[in-house]
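Heads up, target31.pdb below (PDB, C-alpha atoms, pLDDT in the B column):
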ATOM      1  CA  MET O  69       4.681 -12.242 -40.734  1.00 49.00           C
ATOM      2  CA  LYS O  70       4.465 -14.425 -37.626  1.00 49.00           C
ATOM      3  CA  ARG O  71       7.057 -12.255 -35.877  1.00 48.00           C
ATOM      4  CA  LEU O  72       4.987  -9.139 -36.688  1.00 41.00           C
ATOM      5  CA  LYS O  73       1.848 -10.693 -35.112  1.00 42.00           C
ATOM      6  CA  ILE O  74       3.761 -11.585 -31.951  1.00 43.00           C
ATOM      7  CA  TYR O  75       5.169  -8.055 -31.828  1.00 38.00           C
ATOM      8  CA  HIS O  76       1.633  -6.579 -32.100  1.00 36.00           C
ATOM      9  CA  LEU O  77       0.366  -8.894 -29.367  1.00 35.00           C
ATOM     10  CA  ILE O  78       3.188  -7.817 -27.074  1.00 40.00           C
ATOM     11  CA  ILE O  79       2.437  -4.130 -27.745  1.00 39.00           C
ATOM     12  CA  LEU O  80      -1.289  -4.689 -27.110  1.00 35.00           C
ATOM     13  CA  PHE O  81      -0.524  -6.501 -23.844  1.00 40.00           C
ATOM     14  CA  LEU O  82       1.785  -3.698 -22.680  1.00 37.00           C
ATOM     15  CA  VAL O  83      -0.840  -1.059 -23.507  1.00 39.00           C
ATOM     16  CA  LEU O  84      -3.461  -2.938 -21.499  1.00 39.00           C
ATOM     17  CA  VAL O  85      -1.161  -3.506 -18.541  1.00 42.00           C
ATOM     18  CA  MET O  86       0.211   0.012 -18.477  1.00 42.00           C
ATOM     19  CA  SER O  87      -3.144   1.753 -18.976  1.00 46.00           C
ATOM     20  CA  SER O  88      -4.356   0.964 -15.474  1.00 53.00           C
ATOM     21  CA  CYS O  89      -2.872   1.566 -12.101  1.00 90.00           C
ATOM     22  CA  LEU O  90      -4.007   0.358  -8.708  1.00 93.00           C
ATOM     23  CA  THR O  91      -3.090   3.097  -6.254  1.00 94.00           C
ATOM     24  CA  THR O  92      -4.129   4.776  -3.027  1.00 95.00           C
ATOM     25  CA  GLU O  93      -4.523   8.354  -1.904  1.00 97.00           C
ATOM     26  CA  LYS O  94      -2.695   7.920   1.419  1.00 97.00           C
ATOM     27  CA  LYS O  95      -1.032   5.333   3.619  1.00 97.00           C
ATOM     28  CA  GLU O  96      -0.772   5.343   7.401  1.00 98.00           C
ATOM     29  CA  TYR O  97       1.807   3.263   9.242  1.00 98.00           C
ATOM     30  CA  ILE O  98       1.404   2.551  12.951  1.00 98.00           C
ATOM     31  CA  PHE O  99       4.198   0.658  14.691  1.00 98.00           C
ATOM     32  CA  LYS O 100       3.452  -0.528  18.267  1.00 98.00           C
ATOM     33  CA  PHE O 101       6.299  -1.998  20.247  1.00 98.00           C
ATOM     34  CA  THR O 102       5.370  -4.943  22.436  1.00 96.00           C
ATOM     35  CA  GLY O 103       8.939  -6.082  23.123  1.00 95.00           C
ATOM     36  CA  GLN O 104      12.564  -5.142  22.532  1.00 91.00           C
ATOM     37  CA  ASN O 105      12.468  -4.004  18.864  1.00 95.00           C
ATOM     38  CA  SER O 106       9.450  -6.208  18.125  1.00 97.00           C
ATOM     39  CA  GLY O 107       5.741  -5.513  17.923  1.00 98.00           C
ATOM     40  CA  THR O 108       2.871  -4.978  15.513  1.00 98.00           C
ATOM     41  CA  LEU O 109       2.570  -2.944  12.350  1.00 98.00           C
ATOM     42  CA  THR O 110      -0.718  -1.690  10.923  1.00 98.00           C
ATOM     43  CA  ILE O 111      -0.718  -0.249   7.422  1.00 98.00           C
ATOM     44  CA  ARG O 112      -3.920   1.564   6.449  1.00 98.00           C
ATOM     45  CA  TYR O 113      -4.477   2.282   2.752  1.00 98.00           C
ATOM     46  CA  ILE O 114      -6.864   5.245   2.576  1.00 98.00           C
ATOM     47  CA  ASN O 115      -9.049   5.661  -0.513  1.00 97.00           C
ATOM     48  CA  LEU O 116      -7.913   2.876  -2.823  1.00 97.00           C
ATOM     49  CA  LEU O 117      -8.168   4.110  -6.415  1.00 95.00           C
ATOM     50  CA  SER O 118      -8.017   3.047 -10.008  1.00 93.00           C
ATOM     51  CA  SER O 119      -5.952   5.469 -12.063  1.00 88.00           C
ATOM     52  CA  SER O 120      -6.120   5.557 -15.853  1.00 82.00           C
ATOM     53  CA  ASP O 121      -4.574   7.679 -18.582  1.00 73.00           C
ATOM     54  CA  ASP O 122      -7.731   7.540 -20.676  1.00 71.00           C
ATOM     55  CA  SER O 123     -11.472   7.638 -20.039  1.00 73.00           C
ATOM     56  CA  THR O 124     -11.883   3.839 -19.958  1.00 79.00           C
ATOM     57  CA  ASP O 125     -13.168   2.605 -16.590  1.00 83.00           C
ATOM     58  CA  ILE O 126     -10.776  -0.136 -15.507  1.00 90.00           C
ATOM     59  CA  SER O 127     -11.733  -0.044 -11.820  1.00 91.00           C
ATOM     60  CA  ASN O 128     -13.050  -3.631 -11.902  1.00 93.00           C
ATOM     61  CA  GLN O 129      -9.675  -4.827 -13.278  1.00 95.00           C
ATOM     62  CA  ASP O 130      -7.814  -2.925 -10.586  1.00 95.00           C
ATOM     63  CA  PHE O 131     -10.105  -4.266  -7.864  1.00 96.00           C
ATOM     64  CA  LYS O 132      -9.442  -7.796  -9.152  1.00 96.00           C
ATOM     65  CA  GLU O 133      -5.692  -7.042  -8.973  1.00 96.00           C
ATOM     66  CA  LEU O 134      -6.168  -5.840  -5.382  1.00 96.00           C
ATOM     67  CA  LEU O 135      -7.943  -9.074  -4.436  1.00 96.00           C
ATOM     68  CA  ASP O 136      -5.661 -11.431  -6.368  1.00 96.00           C
ATOM     69  CA  ASN O 137      -2.310  -9.918  -5.424  1.00 95.00           C
ATOM     70  CA  TYR O 138      -2.787  -8.209  -2.074  1.00 95.00           C
ATOM     71  CA  ILE O 139      -5.819  -9.563  -0.212  1.00 95.00           C
ATOM     72  CA  ASN O 140      -5.738 -13.209  -1.357  1.00 96.00           C
ATOM     73  CA  GLY O 141      -2.202 -13.205  -2.777  1.00 95.00           C
ATOM     74  CA  ASP O 142       1.296 -12.925  -1.356  1.00 95.00           C
ATOM     75  CA  LYS O 143       2.256  -9.371  -2.373  1.00 95.00           C
ATOM     76  CA  ILE O 144       2.348  -8.143   1.259  1.00 96.00           C
ATOM     77  CA  LYS O 145       4.409 -11.177   2.309  1.00 96.00           C
ATOM     78  CA  GLU O 146       6.824 -10.382  -0.526  1.00 96.00           C
ATOM     79  CA  GLU O 147       7.141  -6.788   0.710  1.00 95.00           C
ATOM     80  CA  TYR O 148       7.538  -7.859   4.372  1.00 97.00           C
ATOM     81  CA  PRO O 149       9.086 -11.347   4.097  1.00 97.00           C
ATOM     82  CA  THR O 150      10.010 -11.834   7.768  1.00 96.00           C
ATOM     83  CA  ALA O 151       6.797 -10.429   9.244  1.00 97.00           C
ATOM     84  CA  THR O 152       4.399 -12.966  10.739  1.00 97.00           C
ATOM     85  CA  ASN O 153       0.691 -13.309  11.449  1.00 97.00           C
ATOM     86  CA  ILE O 154      -0.337 -11.137   8.468  1.00 97.00           C
ATOM     87  CA  ARG O 155      -4.052 -10.287   8.420  1.00 98.00           C
ATOM     88  CA  LYS O 156      -5.981  -8.165   5.916  1.00 97.00           C
ATOM     89  CA  GLN O 157      -9.354  -6.446   5.707  1.00 97.00           C
ATOM     90  CA  LEU O 158     -11.285  -4.181   3.343  1.00 97.00           C
ATOM     91  CA  TYR O 159     -14.047  -1.715   4.255  1.00 97.00           C
ATOM     92  CA  VAL O 160     -15.727   1.474   3.018  1.00 97.00           C
ATOM     93  CA  ILE O 161     -15.863   4.836   4.825  1.00 97.00           C
ATOM     94  CA  ASN O 162     -17.482   7.873   3.170  1.00 95.00           C
ATOM     95  CA  GLU O 163     -17.511   6.276  -0.291  1.00 94.00           C
ATOM     96  CA  GLN O 164     -13.788   5.469  -0.060  1.00 97.00           C
ATOM     97  CA  LEU O 165     -12.344   1.948   0.014  1.00 97.00           C
ATOM     98  CA  TYR O 166      -9.847   1.290   2.791  1.00 98.00           C
ATOM     99  CA  ALA O 167      -7.568  -1.689   3.280  1.00 98.00           C
ATOM    100  CA  GLU O 168      -5.815  -2.527   6.522  1.00 98.00           C
ATOM    101  CA  ILE O 169      -2.891  -4.875   6.845  1.00 98.00           C
ATOM    102  CA  PHE O 170      -1.878  -6.101  10.301  1.00 98.00           C
ATOM    103  CA  MET O 171       1.341  -7.974  10.994  1.00 98.00           C
ATOM    104  CA  ASP O 172       3.737  -8.857  13.774  1.00 98.00           C
ATOM    105  CA  PHE O 173       7.404  -8.014  13.420  1.00 97.00           C
ATOM    106  CA  PRO O 174      10.102  -9.926  15.340  1.00 97.00           C
ATOM    107  CA  ASN O 175      12.742  -7.221  14.736  1.00 97.00           C
ATOM    108  CA  LEU O 176      13.105  -3.735  13.262  1.00 97.00           C
ATOM    109  CA  GLU O 177      14.205  -4.963   9.852  1.00 96.00           C
ATOM    110  CA  ALA O 178      10.990  -6.982   9.453  1.00 97.00           C
ATOM    111  CA  ALA O 179       9.015  -3.733   9.831  1.00 97.00           C
ATOM    112  CA  ARG O 180      11.409  -1.762   7.587  1.00 96.00           C
ATOM    113  CA  LEU O 181      12.663   0.303  10.492  1.00 97.00           C
ATOM    114  CA  TYR O 182      16.277   1.018  11.378  1.00 97.00           C
ATOM    115  CA  GLN O 183      18.164   1.943  14.538  1.00 97.00           C
ATOM    116  CA  PRO O 184      21.984   1.985  14.334  1.00 96.00           C
ATOM    117  CA  ASP O 185      22.366   1.412  18.069  1.00 96.00           C
ATOM    118  CA  ALA O 186      20.262   1.466  21.250  1.00 94.00           C
ATOM    119  CA  ASN O 187      20.982   5.185  21.828  1.00 95.00           C
ATOM    120  CA  SER O 188      19.905   6.307  18.344  1.00 97.00           C
ATOM    121  CA  PRO O 189      16.417   7.223  17.142  1.00 98.00           C
ATOM    122  CA  PHE O 190      14.216   4.819  15.197  1.00 98.00           C
ATOM    123  CA  MET O 191      14.263   5.601  11.471  1.00 98.00           C
ATOM    124  CA  MET O 192      12.139   4.865   8.412  1.00 97.00           C
ATOM    125  CA  CYS O 193      13.265   5.803   4.914  1.00 95.00           C
ATOM    126  CA  LEU O 194      10.600   6.994   2.524  1.00 92.00           C
ATOM    127  CA  THR O 195      11.568   6.207  -1.029  1.00 80.00           C
ATOM    128  CA  THR O 196      13.366   8.752  -3.147  1.00 63.00           C
ATOM    129  CA  GLU O 197      11.575   7.629  -6.311  1.00 68.00           C
ATOM    130  CA  LYS O 198       9.664  10.426  -8.022  1.00 60.00           C
ATOM    131  CA  ASN O 199       6.167   8.850  -8.084  1.00 61.00           C
ATOM    132  CA  ALA O 200       6.256   7.237  -4.666  1.00 84.00           C
ATOM    133  CA  GLU O 201       5.176   8.051  -1.129  1.00 91.00           C
ATOM    134  CA  HIS O 202       5.427  11.640   0.053  1.00 94.00           C
ATOM    135  CA  PHE O 203       5.564  12.646   3.707  1.00 96.00           C
ATOM    136  CA  VAL O 204       2.371  14.178   5.168  1.00 97.00           C
ATOM    137  CA  GLU O 205       2.659  13.941   8.967  1.00 98.00           C
ATOM    138  CA  SER O 206       4.159  11.934  11.806  1.00 98.00           C
ATOM    139  CA  ASN O 207       4.688  11.842  15.555  1.00 98.00           C
ATOM    140  CA  GLY O 208       8.394  11.922  14.654  1.00 97.00           C
ATOM    141  CA  SER O 209      10.398  14.409  12.633  1.00 97.00           C
ATOM    142  CA  TYR O 210      11.037  14.342   8.901  1.00 97.00           C
ATOM    143  CA  GLY O 211      14.427  14.947   7.286  1.00 95.00           C
ATOM    144  CA  GLY O 212      12.926  16.600   4.185  1.00 93.00           C
ATOM    145  CA  GLU O 213      13.317  15.944   0.486  1.00 87.00           C
ATOM    146  CA  ILE O 214      17.109  15.848   0.681  1.00 89.00           C
ATOM    147  CA  MET O 215      16.950  13.124   3.348  1.00 92.00           C
ATOM    148  CA  PRO O 216      13.508  11.446   3.136  1.00 94.00           C
ATOM    149  CA  VAL O 217      13.785   9.749   6.515  1.00 96.00           C
ATOM    150  CA  VAL O 218      11.390   9.904   9.473  1.00 98.00           C
ATOM    151  CA  PHE O 219      13.131   9.925  12.872  1.00 98.00           C
ATOM    152  CA  TRP O 220      11.450   8.922  16.151  1.00 98.00           C
ATOM    153  CA  ASP O 221      12.669   9.212  19.721  1.00 97.00           C
ATOM    154  CA  LYS O 222      14.026   5.845  20.918  1.00 96.00           C
ATOM    155  CA  GLU O 223      11.723   5.985  23.971  1.00 96.00           C
ATOM    156  CA  LEU O 224       8.464   6.027  21.980  1.00 97.00           C
ATOM    157  CA  LYS O 225       6.335   2.872  22.116  1.00 97.00           C
ATOM    158  CA  GLN O 226       4.144   3.867  19.160  1.00 98.00           C
ATOM    159  CA  LEU O 227       5.423   5.357  15.902  1.00 98.00           C
ATOM    160  CA  LYS O 228       3.106   6.893  13.306  1.00 98.00           C
ATOM    161  CA  VAL O 229       3.618   8.272   9.829  1.00 98.00           C
ATOM    162  CA  THR O 230       1.188   9.214   7.052  1.00 98.00           C
ATOM    163  CA  THR O 231       2.237   9.469   3.412  1.00 97.00           C
ATOM    164  CA  SER O 232       0.437  10.560   0.262  1.00 96.00           C
ATOM    165  CA  ILE O 233       0.676   8.747  -3.044  1.00 94.00           C
ATOM    166  CA  THR O 234      -2.015   9.703  -5.582  1.00 92.00           C
ATOM    167  CA  PRO O 235      -4.348  12.638  -4.991  1.00 91.00           C
ATOM    168  CA  PRO O 236      -7.815  11.921  -6.437  1.00 91.00           C
ATOM    169  CA  ASP O 237      -8.648  13.765  -9.652  1.00 90.00           C
ATOM    170  CA  GLN O 238     -10.568  13.195 -12.905  1.00 87.00           C
ATOM    171  CA  SER O 239      -8.177  10.360 -13.887  1.00 87.00           C
ATOM    172  CA  THR O 240      -8.920   8.331 -10.725  1.00 91.00           C
ATOM    173  CA  LYS O 241     -11.939   6.332  -9.643  1.00 93.00           C
ATOM    174  CA  SER O 242     -12.720   4.980  -6.190  1.00 94.00           C
ATOM    175  CA  LEU O 243     -12.736   1.194  -5.787  1.00 96.00           C
ATOM    176  CA  ALA O 244     -15.667   1.406  -3.335  1.00 96.00           C
ATOM    177  CA  GLY O 245     -18.156   0.449  -6.106  1.00 95.00           C
ATOM    178  CA  PRO O 246     -16.348  -2.711  -7.254  1.00 96.00           C
ATOM    179  CA  TYR O 247     -15.851  -3.630  -3.580  1.00 96.00           C
ATOM    180  CA  ARG O 248     -19.616  -3.353  -2.901  1.00 96.00           C
ATOM    181  CA  GLU O 249     -20.386  -5.524  -5.943  1.00 95.00           C
ATOM    182  CA  TRP O 250     -17.841  -8.121  -4.821  1.00 95.00           C
ATOM    183  CA  LYS O 251     -19.220  -8.055  -1.257  1.00 94.00           C
ATOM    184  CA  LYS O 252     -22.762  -8.544  -2.577  1.00 94.00           C
ATOM    185  CA  GLN O 253     -21.592 -11.570  -4.605  1.00 92.00           C
ATOM    186  CA  GLN O 254     -19.868 -12.978  -1.518  1.00 89.00           C
ATOM    187  CA  GLU O 255     -23.100 -12.677   0.493  1.00 89.00           C
ATOM    188  CA  LEU O 256     -25.167 -14.322  -2.263  1.00 89.00           C
ATOM    189  CA  ALA O 257     -22.681 -17.218  -2.458  1.00 87.00           C
ATOM    190  CA  LYS O 258     -23.210 -18.065   1.244  1.00 79.00           C
TER     191      LYS O 258
END
Encoded form (structure tokens):
Amino acid sequence: MKRLKIYHLIILFLVLVMSSCLTTEKKEYIFKFTGQNSGTLTIRYINLLSSSDDSTDISNQDFKELLDNYINGDKIKEEYPTATNIRKQLYVINEQLYAEIFMDFPNLEAARLYQPDANSPFMMCLTTEKNAEHFVESNGSYGGEIMPVVFWDKELKQLKVTTSITPPDQSTKSLAGPYREWKKQQELAK
């Protein structure tokens, strides 16, 4: 009997965890070189969303996850462990919540870029996972679905790429509302 209760609790927990999804419509990456293979990286998350398989509004939960794990937490540091001087900000434009992450990178690997040698182009691999980032545009060239790599001329001092992740639809909800409520609470606490 006790084992059955634990099993039901585990199932309930998994349903709750898997029913929500913090996501974004698009991401922009801007790499600016300030030295030999070092510089700054800005990642802009455009239209942060809560995505749910049912009609339950879990946007407040997803906004809390955004704050706890990404803005106040170490999730970005885990994704870019050798980047330094990581800064984060949230803001709203046209009823869409944006997040910007700024960081310095001491080498290409820290920014998730690759260059086999000094005569080769800079490269960034977009994931081959089915529900991941999809190429939209860049100031480089894209290898396509067979080779999801963006290539940039080695002489460029600024590299840009935009990807799409989750197009908004009836199963998504903007996190602009929970952000405004949180911001209001922050102002009242001062």
Expected selection from the PyMOL selection byres ((chain O and resi 217-229) around 7), given as a PyMOL selection string:
chain O and resi 96-101+188-194+205-211+215-216+230-231
Find the spatial neighbours of Ile161 (chain O), counting all atoms listed in the file, within a cut-off of 9 Å - ignore same-chain residues fewer than 5 positions away - and output them as a PyMOL selection string.
chain O and resi 115+166+244
Residues near Ser123 (chain O), anyone? I mean within 10 Å using all atoms listed in the file, not counting same-chain ones fewer than 5 positions away, as a ChimeraX atom specification.
/O:238-240
Residues within 12 Å of Thr91 (chain O), all atoms listed in the file, excluding chain neighbours under 2 positions, as an NGL selection string
:O and (88-89 or 93-95 or 113-120 or 127 or 130-131 or 133-134 or 165-167 or 199-201 or 232-236 or 239-243)
Take the residues just selected and output them with C-alpha atoms as a PDB file, keeping the file's coordinate frame.
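Printed below is selection03.pdb as written:
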ATOM      1  CA  SER O  88      -4.356   0.964 -15.474  1.00 53.00           C
ATOM      2  CA  CYS O  89      -2.872   1.566 -12.101  1.00 90.00           C
ATOM      3  CA  GLU O  93      -4.523   8.354  -1.904  1.00 97.00           C
ATOM      4  CA  LYS O  94      -2.695   7.920   1.419  1.00 97.00           C
ATOM      5  CA  LYS O  95      -1.032   5.333   3.619  1.00 97.00           C
ATOM      6  CA  TYR O 113      -4.477   2.282   2.752  1.00 98.00           C
ATOM      7  CA  ILE O 114      -6.864   5.245   2.576  1.00 98.00           C
ATOM      8  CA  ASN O 115      -9.049   5.661  -0.513  1.00 97.00           C
ATOM      9  CA  LEU O 116      -7.913   2.876  -2.823  1.00 97.00           C
ATOM     10  CA  LEU O 117      -8.168   4.110  -6.415  1.00 95.00           C
ATOM     11  CA  SER O 118      -8.017   3.047 -10.008  1.00 93.00           C
ATOM     12  CA  SER O 119      -5.952   5.469 -12.063  1.00 88.00           C
ATOM     13  CA  SER O 120      -6.120   5.557 -15.853  1.00 82.00           C
ATOM     14  CA  SER O 127     -11.733  -0.044 -11.820  1.00 91.00           C
ATOM     15  CA  ASP O 130      -7.814  -2.925 -10.586  1.00 95.00           C
ATOM     16  CA  PHE O 131     -10.105  -4.266  -7.864  1.00 96.00           C
ATOM     17  CA  GLU O 133      -5.692  -7.042  -8.973  1.00 96.00           C
ATOM     18  CA  LEU O 134      -6.168  -5.840  -5.382  1.00 96.00           C
ATOM     19  CA  LEU O 165     -12.344   1.948   0.014  1.00 97.00           C
ATOM     20  CA  TYR O 166      -9.847   1.290   2.791  1.00 98.00           C
ATOM     21  CA  ALA O 167      -7.568  -1.689   3.280  1.00 98.00           C
ATOM     22  CA  ASN O 199       6.167   8.850  -8.084  1.00 61.00           C
ATOM     23  CA  ALA O 200       6.256   7.237  -4.666  1.00 84.00           C
ATOM     24  CA  GLU O 201       5.176   8.051  -1.129  1.00 91.00           C
ATOM     25  CA  SER O 232       0.437  10.560   0.262  1.00 96.00           C
ATOM     26  CA  ILE O 233       0.676   8.747  -3.044  1.00 94.00           C
ATOM     27  CA  THR O 234      -2.015   9.703  -5.582  1.00 92.00           C
ATOM     28  CA  PRO O 235      -4.348  12.638  -4.991  1.00 91.00           C
ATOM     29  CA  PRO O 236      -7.815  11.921  -6.437  1.00 91.00           C
ATOM     30  CA  SER O 239      -8.177  10.360 -13.887  1.00 87.00           C
ATOM     31  CA  THR O 240      -8.920   8.331 -10.725  1.00 91.00           C
ATOM     32  CA  LYS O 241     -11.939   6.332  -9.643  1.00 93.00           C
ATOM     33  CA  SER O 242     -12.720   4.980  -6.190  1.00 94.00           C
ATOM     34  CA  LEU O 243     -12.736   1.194  -5.787  1.00 96.00           C
TER      35      LEU O 243
END
Can you measure CA of Lys145 (chain O) to CA of Asp172 (chain O) for me? One decimal in Å is fine.
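Computing it gives 11.7 Å between the two atoms.
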When you draw a straight line from CA of Asn128 (chain O) to CA of Leu256 (chain O), how long is it in Å?
18.8 Å
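CA of Phe170 (chain O) to CA of Asp136 (chain O) spans 17.9 Å [interatomic distance, one decimal].
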Some atoms are absent from region 118-132 of chain O, so rebuild N, CA, C and O atoms and return them as a PDB file, keeping the file's coordinate frame.
ATOM      1  N   SER O 118      -8.432   3.503  -8.696  1.00 93.00           N
ATOM      2  CA  SER O 118      -8.017   3.047 -10.008  1.00 93.00           C
ATOM      3  C   SER O 118      -7.631   4.297 -10.771  1.00 93.00           C
ATOM      4  O   SER O 118      -8.388   5.259 -10.822  1.00 93.00           O
ATOM      5  N   SER O 119      -6.443   4.302 -11.337  1.00 88.00           N
ATOM      6  CA  SER O 119      -5.952   5.469 -12.063  1.00 88.00           C
ATOM      7  C   SER O 119      -5.720   5.071 -13.511  1.00 88.00           C
ATOM      8  O   SER O 119      -5.094   4.053 -13.790  1.00 88.00           O
ATOM      9  N   SER O 120      -6.235   5.882 -14.436  1.00 82.00           N
ATOM     10  CA  SER O 120      -6.120   5.557 -15.853  1.00 82.00           C
ATOM     11  C   SER O 120      -5.738   6.789 -16.646  1.00 82.00           C
ATOM     12  O   SER O 120      -6.134   7.903 -16.304  1.00 82.00           O
ATOM     13  N   ASP O 121      -4.974   6.576 -17.712  1.00 73.00           N
ATOM     14  CA  ASP O 121      -4.574   7.679 -18.582  1.00 73.00           C
ATOM     15  C   ASP O 121      -5.658   8.058 -19.583  1.00 73.00           C
ATOM     16  O   ASP O 121      -5.575   9.091 -20.220  1.00 73.00           O
ATOM     17  N   ASP O 122      -6.650   7.213 -19.734  1.00 71.00           N
ATOM     18  CA  ASP O 122      -7.731   7.540 -20.676  1.00 71.00           C
ATOM     19  C   ASP O 122      -9.071   7.470 -19.950  1.00 71.00           C
ATOM     20  O   ASP O 122      -9.126   7.314 -18.742  1.00 71.00           O
ATOM     21  N   SER O 123     -10.149   7.587 -20.669  1.00 73.00           N
ATOM     22  CA  SER O 123     -11.472   7.638 -20.039  1.00 73.00           C
ATOM     23  C   SER O 123     -12.081   6.260 -19.811  1.00 73.00           C
ATOM     24  O   SER O 123     -13.190   6.150 -19.311  1.00 73.00           O
ATOM     25  N   THR O 124     -11.376   5.194 -20.147  1.00 79.00           N
ATOM     26  CA  THR O 124     -11.883   3.839 -19.958  1.00 79.00           C
ATOM     27  C   THR O 124     -11.905   3.495 -18.473  1.00 79.00           C
ATOM     28  O   THR O 124     -10.923   3.679 -17.773  1.00 79.00           O
ATOM     29  N   ASP O 125     -13.033   2.999 -18.002  1.00 83.00           N
ATOM     30  CA  ASP O 125     -13.168   2.605 -16.590  1.00 83.00           C
ATOM     31  C   ASP O 125     -12.573   1.211 -16.407  1.00 83.00           C
ATOM     32  O   ASP O 125     -13.127   0.227 -16.868  1.00 83.00           O
ATOM     33  N   ILE O 126     -11.443   1.139 -15.750  1.00 90.00           N
ATOM     34  CA  ILE O 126     -10.776  -0.136 -15.507  1.00 90.00           C
ATOM     35  C   ILE O 126     -10.772  -0.453 -14.004  1.00 90.00           C
ATOM     36  O   ILE O 126      -9.961  -1.243 -13.539  1.00 90.00           O
ATOM     37  N   SER O 127     -11.706   0.149 -13.269  1.00 91.00           N
ATOM     38  CA  SER O 127     -11.733  -0.044 -11.820  1.00 91.00           C
ATOM     39  C   SER O 127     -12.002  -1.498 -11.439  1.00 91.00           C
ATOM     40  O   SER O 127     -11.467  -1.975 -10.436  1.00 91.00           O
ATOM     41  N   ASN O 128     -12.808  -2.215 -12.217  1.00 93.00           N
ATOM     42  CA  ASN O 128     -13.050  -3.631 -11.902  1.00 93.00           C
ATOM     43  C   ASN O 128     -11.767  -4.455 -12.058  1.00 93.00           C
ATOM     44  O   ASN O 128     -11.496  -5.343 -11.248  1.00 93.00           O
ATOM     45  N   GLN O 129     -10.968  -4.152 -13.096  1.00 95.00           N
ATOM     46  CA  GLN O 129      -9.675  -4.827 -13.278  1.00 95.00           C
ATOM     47  C   GLN O 129      -8.754  -4.552 -12.094  1.00 95.00           C
ATOM     48  O   GLN O 129      -8.087  -5.449 -11.590  1.00 95.00           O
ATOM     49  N   ASP O 130      -8.696  -3.289 -11.689  1.00 95.00           N
ATOM     50  CA  ASP O 130      -7.814  -2.925 -10.586  1.00 95.00           C
ATOM     51  C   ASP O 130      -8.279  -3.538  -9.266  1.00 95.00           C
ATOM     52  O   ASP O 130      -7.465  -3.930  -8.438  1.00 95.00           O
ATOM     53  N   PHE O 131      -9.599  -3.623  -9.071  1.00 96.00           N
ATOM     54  CA  PHE O 131     -10.105  -4.266  -7.864  1.00 96.00           C
ATOM     55  C   PHE O 131      -9.742  -5.749  -7.867  1.00 96.00           C
ATOM     56  O   PHE O 131      -9.345  -6.306  -6.843  1.00 96.00           O
ATOM     57  N   LYS O 132      -9.843  -6.385  -9.040  1.00 96.00           N
ATOM     58  CA  LYS O 132      -9.442  -7.796  -9.152  1.00 96.00           C
ATOM     59  C   LYS O 132      -7.958  -7.950  -8.824  1.00 96.00           C
ATOM     60  O   LYS O 132      -7.567  -8.887  -8.122  1.00 96.00           O
TER      61      LYS O 132
END
